[in-house]
Amino acid sequence: MGKIVRFQNRVAESFLTLPVCVTLVVLTWCFPLWGNDSDSFVMKLGTWEFELSQVWAEHLLGLSVCLCIAYVIAETNNSLQIIRIRTRLMSCVWMVLFACLPFVHPIGPPVLCAFCYVVALFLLYRCYQEETPVIQVFHCMFCIGVGSLFWIPLIWTGILFFFGFWTILRYFSWRCFWGGLIGLILPYWCWFLWALGTNNYLPLINHLRQLSDLQIPSFSLFLQWPTYWWICWILSASLAVIGIIHFYLTSFNDRLRVRTIFHLYFAQSLFFQIALFLQPNFYPVLMPLFLIVTTPFVAHFFALTHSRVSNLLFCLACMSCFALLVMQLFDFAYR
């Protein structure tokens, strides 16, 4: 007797899922901005001229980076076959959950760090069973270094990547270590040379000082979160826990490489949750990073299950995300 094809399976395997999600995300980004023409400027594109406000420009750039992240996630799934059926659910889960975070839609450290991080993950997993992966290791850590220029605490995730290299490569040589370390500090070396040429070291020094701007963990910081932040965190964390439990109960069906990749995803999701509890004031930057490393578990669960319970959870998750998006639109409309 074959498996029952439910609504969640049709959505996971449909070619229309990705275009529908992209359309929904674009509307979510652009609809609240209609009529906002403050600080407008003229942008020229060849013979065409467009009058664009600063708010529109920031949100459109943020949308472009979000779609680029979705493409890298899809390419990661395609090249490594993380989910063993043909599906675009990983990219769709990322876009929908990220669309529920309106406070990080404009271009800024949250989306830029997320883009650098997802590219670094793609390069990390491409190192699997490579004999001489020094160049890949260098490029991977270089992406982390570039991301830390926008938000310097991201540099601490380099520890996770070195652990990932050791786990994936099985034998992590000194050449790989020094190649990764050089890639990590290369952006700051370039910045130092620029500061040396302009004789202006203050921006670099102030940026490096932010490494020590960590607050003592306090429960009162969580109470300062807006209600919307709590709702988004509870929804994403609940889906992540369900996906993680499902994966570890059914991991025997996946190949060794896929299991290794998911182990790294789990280690990183745990790291970001601990960081969120220790530094809740970094919520706007940590949440997009957390979504990147948990969407594979969520997509794996919804794409490979066929039960009534999973179908019900899928419908509830879709309705919850839709409700959050509607709340966001009303919030902007009456602001």
# chains A, B, ... in the order shown; residues from 1 in each chain; ligands from 1
>>> residues_around(residues="Trp229 (chain A)", least_positions_apart="4", cutoff="10 Å", atoms="only C-alpha atoms", output="list in words")
Cys100, Leu101, Phe103, Phe222, Gln224, Trp225, Trp233, Ile234, Tyr283, Pro284 and Met287 of chain A
>>> closest_atom_pairs(of="region 169-257 of chain A", to="region 299-311 of chain A", cutoff="8 Å", atoms="only C-alpha atoms", output="Markdown table")
| residue | atom | partner | partner_atom | distance |
| --- | --- | --- | --- | --- |
| A:Ile242 | CA | A:Phe301 | CA | 7.8 |
| A:Gly243 | CA | A:Phe301 | CA | 5.2 |
| A:His246 | CA | A:Phe301 | CA | 6.3 |
| A:Phe247 | CA | A:Phe301 | CA | 7.1 |
>>> write_last_selection(atoms="C-alpha atoms", output="CSV table (one decimal), in the first residue's frame")
chain,number,residue,atom,x,y,z
A,242,ILE,CA,9.6,19.4,16.0
A,243,GLY,CA,11.9,19.1,13.0
A,246,HIS,CA,11.7,14.0,13.7
A,247,PHE,CA,15.2,14.0,12.1
>>> atom_distance(atom1="CA of Leu63 (chain A)", atom2="CA of Cys315 (chain A)")
25.8 Å
>>> residues_around(residues="Pro296 (chain A)", least_positions_apart="3", cutoff="8 Å", atoms="only C-alpha atoms", output="count of residues only")
7
>>> select_by_dssp(residues="region 129-237 of chain A", states="helix (DSSP H, G or I)", output="number ranges by chain")
A: 134-150, 152-169, 174-198, 202-212, 219-223, 227-237
>>> write_last_selection(atoms="C-alpha atoms", output="PDB file, in the first residue's frame")
ATOM      1  CA  VAL A 134      42.497  24.823   1.858  1.00  0.00           C
ATOM      2  CA  ILE A 135      41.029  27.214  -0.718  1.00  0.00           C
ATOM      3  CA  GLN A 136      37.434  26.360   0.284  1.00  0.00           C
ATOM      4  CA  VAL A 137      38.314  26.800   3.958  1.00  0.00           C
ATOM      5  CA  PHE A 138      39.885  30.185   3.209  1.00  0.00           C
ATOM      6  CA  HIS A 139      36.841  31.400   1.281  1.00  0.00           C
ATOM      7  CA  CYS A 140      34.449  30.090   3.918  1.00  0.00           C
ATOM      8  CA  MET A 141      36.168  31.911   6.771  1.00  0.00           C
ATOM      9  CA  PHE A 142      36.592  34.993   4.579  1.00  0.00           C
ATOM     10  CA  CYS A 143      32.785  35.195   4.339  1.00  0.00           C
ATOM     11  CA  ILE A 144      32.552  35.092   8.130  1.00  0.00           C
ATOM     12  CA  GLY A 145      35.158  37.852   8.347  1.00  0.00           C
ATOM     13  CA  VAL A 146      33.228  40.015   5.874  1.00  0.00           C
ATOM     14  CA  GLY A 147      29.996  39.415   7.811  1.00  0.00           C
ATOM     15  CA  SER A 148      31.689  40.464  11.042  1.00  0.00           C
ATOM     16  CA  LEU A 149      32.400  43.863   9.471  1.00  0.00           C
ATOM     17  CA  PHE A 150      28.651  44.520   9.718  1.00  0.00           C
ATOM     18  CA  ILE A 152      31.509  41.933  14.849  1.00  0.00           C
ATOM     19  CA  PRO A 153      30.137  39.274  17.279  1.00  0.00           C
ATOM     20  CA  LEU A 154      29.598  37.118  14.173  1.00  0.00           C
ATOM     21  CA  ILE A 155      33.314  36.414  14.318  1.00  0.00           C
ATOM     22  CA  TRP A 156      32.691  34.079  17.271  1.00  0.00           C
ATOM     23  CA  THR A 157      30.875  31.703  14.920  1.00  0.00           C
ATOM     24  CA  GLY A 158      34.297  30.995  13.418  1.00  0.00           C
ATOM     25  CA  ILE A 159      34.755  28.536  16.296  1.00  0.00           C
ATOM     26  CA  LEU A 160      31.734  26.613  15.024  1.00  0.00           C
ATOM     27  CA  PHE A 161      33.161  26.540  11.528  1.00  0.00           C
ATOM     28  CA  PHE A 162      36.526  25.218  12.666  1.00  0.00           C
ATOM     29  CA  PHE A 163      34.628  22.492  14.523  1.00  0.00           C
ATOM     30  CA  GLY A 164      32.661  21.850  11.323  1.00  0.00           C
ATOM     31  CA  PHE A 165      35.841  21.527   9.278  1.00  0.00           C
ATOM     32  CA  TRP A 166      37.203  18.995  11.732  1.00  0.00           C
ATOM     33  CA  THR A 167      33.907  17.039  11.679  1.00  0.00           C
ATOM     34  CA  ILE A 168      33.398  17.055   7.909  1.00  0.00           C
ATOM     35  CA  LEU A 169      37.007  16.662   6.804  1.00  0.00           C
ATOM     36  CA  TRP A 174      47.460  22.879  10.033  1.00  0.00           C
ATOM     37  CA  ARG A 175      47.337  24.216   6.474  1.00  0.00           C
ATOM     38  CA  CYS A 176      43.532  24.326   6.682  1.00  0.00           C
ATOM     39  CA  PHE A 177      43.689  25.971  10.089  1.00  0.00           C
ATOM     40  CA  TRP A 178      46.020  28.749   8.986  1.00  0.00           C
ATOM     41  CA  GLY A 179      44.149  29.153   5.706  1.00  0.00           C
ATOM     42  CA  GLY A 180      40.898  29.648   7.641  1.00  0.00           C
ATOM     43  CA  LEU A 181      42.513  32.019  10.124  1.00  0.00           C
ATOM     44  CA  ILE A 182      44.000  34.153   7.327  1.00  0.00           C
ATOM     45  CA  GLY A 183      40.613  34.259   5.595  1.00  0.00           C
ATOM     46  CA  LEU A 184      38.952  35.343   8.842  1.00  0.00           C
ATOM     47  CA  ILE A 185      41.307  38.255   9.512  1.00  0.00           C
ATOM     48  CA  LEU A 186      41.858  39.313   5.869  1.00  0.00           C
ATOM     49  CA  PRO A 187      38.936  41.844   5.852  1.00  0.00           C
ATOM     50  CA  TYR A 188      40.384  43.500   8.956  1.00  0.00           C
ATOM     51  CA  TRP A 189      43.861  43.511   7.441  1.00  0.00           C
ATOM     52  CA  CYS A 190      42.450  45.349   4.403  1.00  0.00           C
ATOM     53  CA  TRP A 191      40.649  47.777   6.711  1.00  0.00           C
ATOM     54  CA  PHE A 192      43.896  48.352   8.628  1.00  0.00           C
ATOM     55  CA  LEU A 193      45.753  49.151   5.401  1.00  0.00           C
ATOM     56  CA  TRP A 194      43.003  51.601   4.454  1.00  0.00           C
ATOM     57  CA  ALA A 195      43.224  53.218   7.902  1.00  0.00           C
ATOM     58  CA  LEU A 196      46.998  53.364   7.530  1.00  0.00           C
ATOM     59  CA  GLY A 197      46.695  55.124   4.178  1.00  0.00           C
ATOM     60  CA  THR A 198      44.082  57.629   5.408  1.00  0.00           C
ATOM     61  CA  LEU A 202      39.263  55.469  14.999  1.00  0.00           C
ATOM     62  CA  PRO A 203      36.497  53.593  13.062  1.00  0.00           C
ATOM     63  CA  LEU A 204      38.493  50.352  13.156  1.00  0.00           C
ATOM     64  CA  ILE A 205      39.250  50.723  16.859  1.00  0.00           C
ATOM     65  CA  ASN A 206      35.613  51.506  17.694  1.00  0.00           C
ATOM     66  CA  HIS A 207      34.484  48.493  15.677  1.00  0.00           C
ATOM     67  CA  LEU A 208      36.872  46.143  17.473  1.00  0.00           C
ATOM     68  CA  ARG A 209      35.778  47.530  20.842  1.00  0.00           C
ATOM     69  CA  GLN A 210      32.279  46.202  20.178  1.00  0.00           C
ATOM     70  CA  LEU A 211      33.590  42.706  20.919  1.00  0.00           C
ATOM     71  CA  SER A 212      33.588  43.689  24.597  1.00  0.00           C
ATOM     72  CA  PHE A 219      15.866  38.089  32.659  1.00  0.00           C
ATOM     73  CA  SER A 220      14.711  41.706  32.539  1.00  0.00           C
ATOM     74  CA  LEU A 221      16.146  41.988  29.037  1.00  0.00           C
ATOM     75  CA  PHE A 222      13.674  39.352  27.838  1.00  0.00           C
ATOM     76  CA  LEU A 223      10.807  41.355  29.304  1.00  0.00           C
ATOM     77  CA  THR A 227       5.163  40.926  21.915  1.00  0.00           C
ATOM     78  CA  TYR A 228       5.758  40.413  18.205  1.00  0.00           C
ATOM     79  CA  TRP A 229       9.323  39.237  18.913  1.00  0.00           C
ATOM     80  CA  TRP A 230       8.026  36.654  21.370  1.00  0.00           C
ATOM     81  CA  ILE A 231       5.478  35.323  18.893  1.00  0.00           C
ATOM     82  CA  CYS A 232       8.071  34.942  16.123  1.00  0.00           C
ATOM     83  CA  TRP A 233      10.546  33.255  18.456  1.00  0.00           C
ATOM     84  CA  ILE A 234       7.979  30.807  19.862  1.00  0.00           C
ATOM     85  CA  LEU A 235       6.771  29.865  16.374  1.00  0.00           C
ATOM     86  CA  SER A 236      10.237  29.336  14.887  1.00  0.00           C
ATOM     87  CA  ALA A 237      11.583  27.543  17.979  1.00  0.00           C
TER      88      ALA A 237
END
>>> closest_residue(among="A:Cys92, A:Val25, A:Leu286, A:Ala114", to="Ala74 (chain A)", atoms="only C-alpha atoms")
A:Cys92
>>> atom_distance(atom1="CA of Val72 (chain A)", atom2="CA of Val241 (chain A)")
23.6 Å
>>> decode(residues="region 193-208 of chain A", atoms="N, CA and C atoms", output="compact mmCIF listing (two decimals), in the first residue's frame")
# COMPACT_ATOMS: atom_id res chain seq x y z
N LEU A 193 44.96 48.48 6.43
CA LEU A 193 45.75 49.15 5.40
C LEU A 193 45.08 50.44 4.94
N TRP A 194 43.74 50.39 4.82
CA TRP A 194 43.00 51.60 4.45
C TRP A 194 43.16 52.68 5.54
N ALA A 195 43.05 52.26 6.80
CA ALA A 195 43.22 53.22 7.90
C ALA A 195 44.64 53.77 7.92
N LEU A 196 45.60 52.91 7.57
CA LEU A 196 47.00 53.36 7.53
C LEU A 196 47.20 54.40 6.43
N GLY A 197 46.55 54.18 5.28
CA GLY A 197 46.69 55.12 4.18
C GLY A 197 45.99 56.44 4.43
N THR A 198 44.85 56.40 5.13
CA THR A 198 44.08 57.63 5.41
C THR A 198 44.41 58.23 6.76
N ASN A 199 45.23 57.51 7.54
CA ASN A 199 45.62 57.97 8.88
C ASN A 199 44.41 58.20 9.77
N ASN A 200 43.43 57.29 9.66
CA ASN A 200 42.20 57.38 10.46
C ASN A 200 41.91 55.99 11.03
N TYR A 201 42.37 55.73 12.24
CA TYR A 201 42.23 54.42 12.87
C TYR A 201 40.99 54.32 13.77
N LEU A 202 40.34 55.45 14.02
CA LEU A 202 39.26 55.47 15.00
C LEU A 202 38.10 54.54 14.63
N PRO A 203 37.60 54.52 13.37
CA PRO A 203 36.50 53.59 13.06
C PRO A 203 36.86 52.13 13.31
N LEU A 204 38.07 51.73 12.94
CA LEU A 204 38.49 50.35 13.16
C LEU A 204 38.58 50.04 14.64
N ILE A 205 39.12 50.95 15.41
CA ILE A 205 39.25 50.72 16.86
C ILE A 205 37.87 50.63 17.51
N ASN A 206 36.97 51.54 17.13
CA ASN A 206 35.61 51.51 17.69
C ASN A 206 34.89 50.22 17.31
N HIS A 207 35.12 49.74 16.10
CA HIS A 207 34.48 48.49 15.68
C HIS A 207 35.00 47.32 16.49
N LEU A 208 36.31 47.25 16.72
CA LEU A 208 36.87 46.14 17.47
C LEU A 208 36.46 46.21 18.94
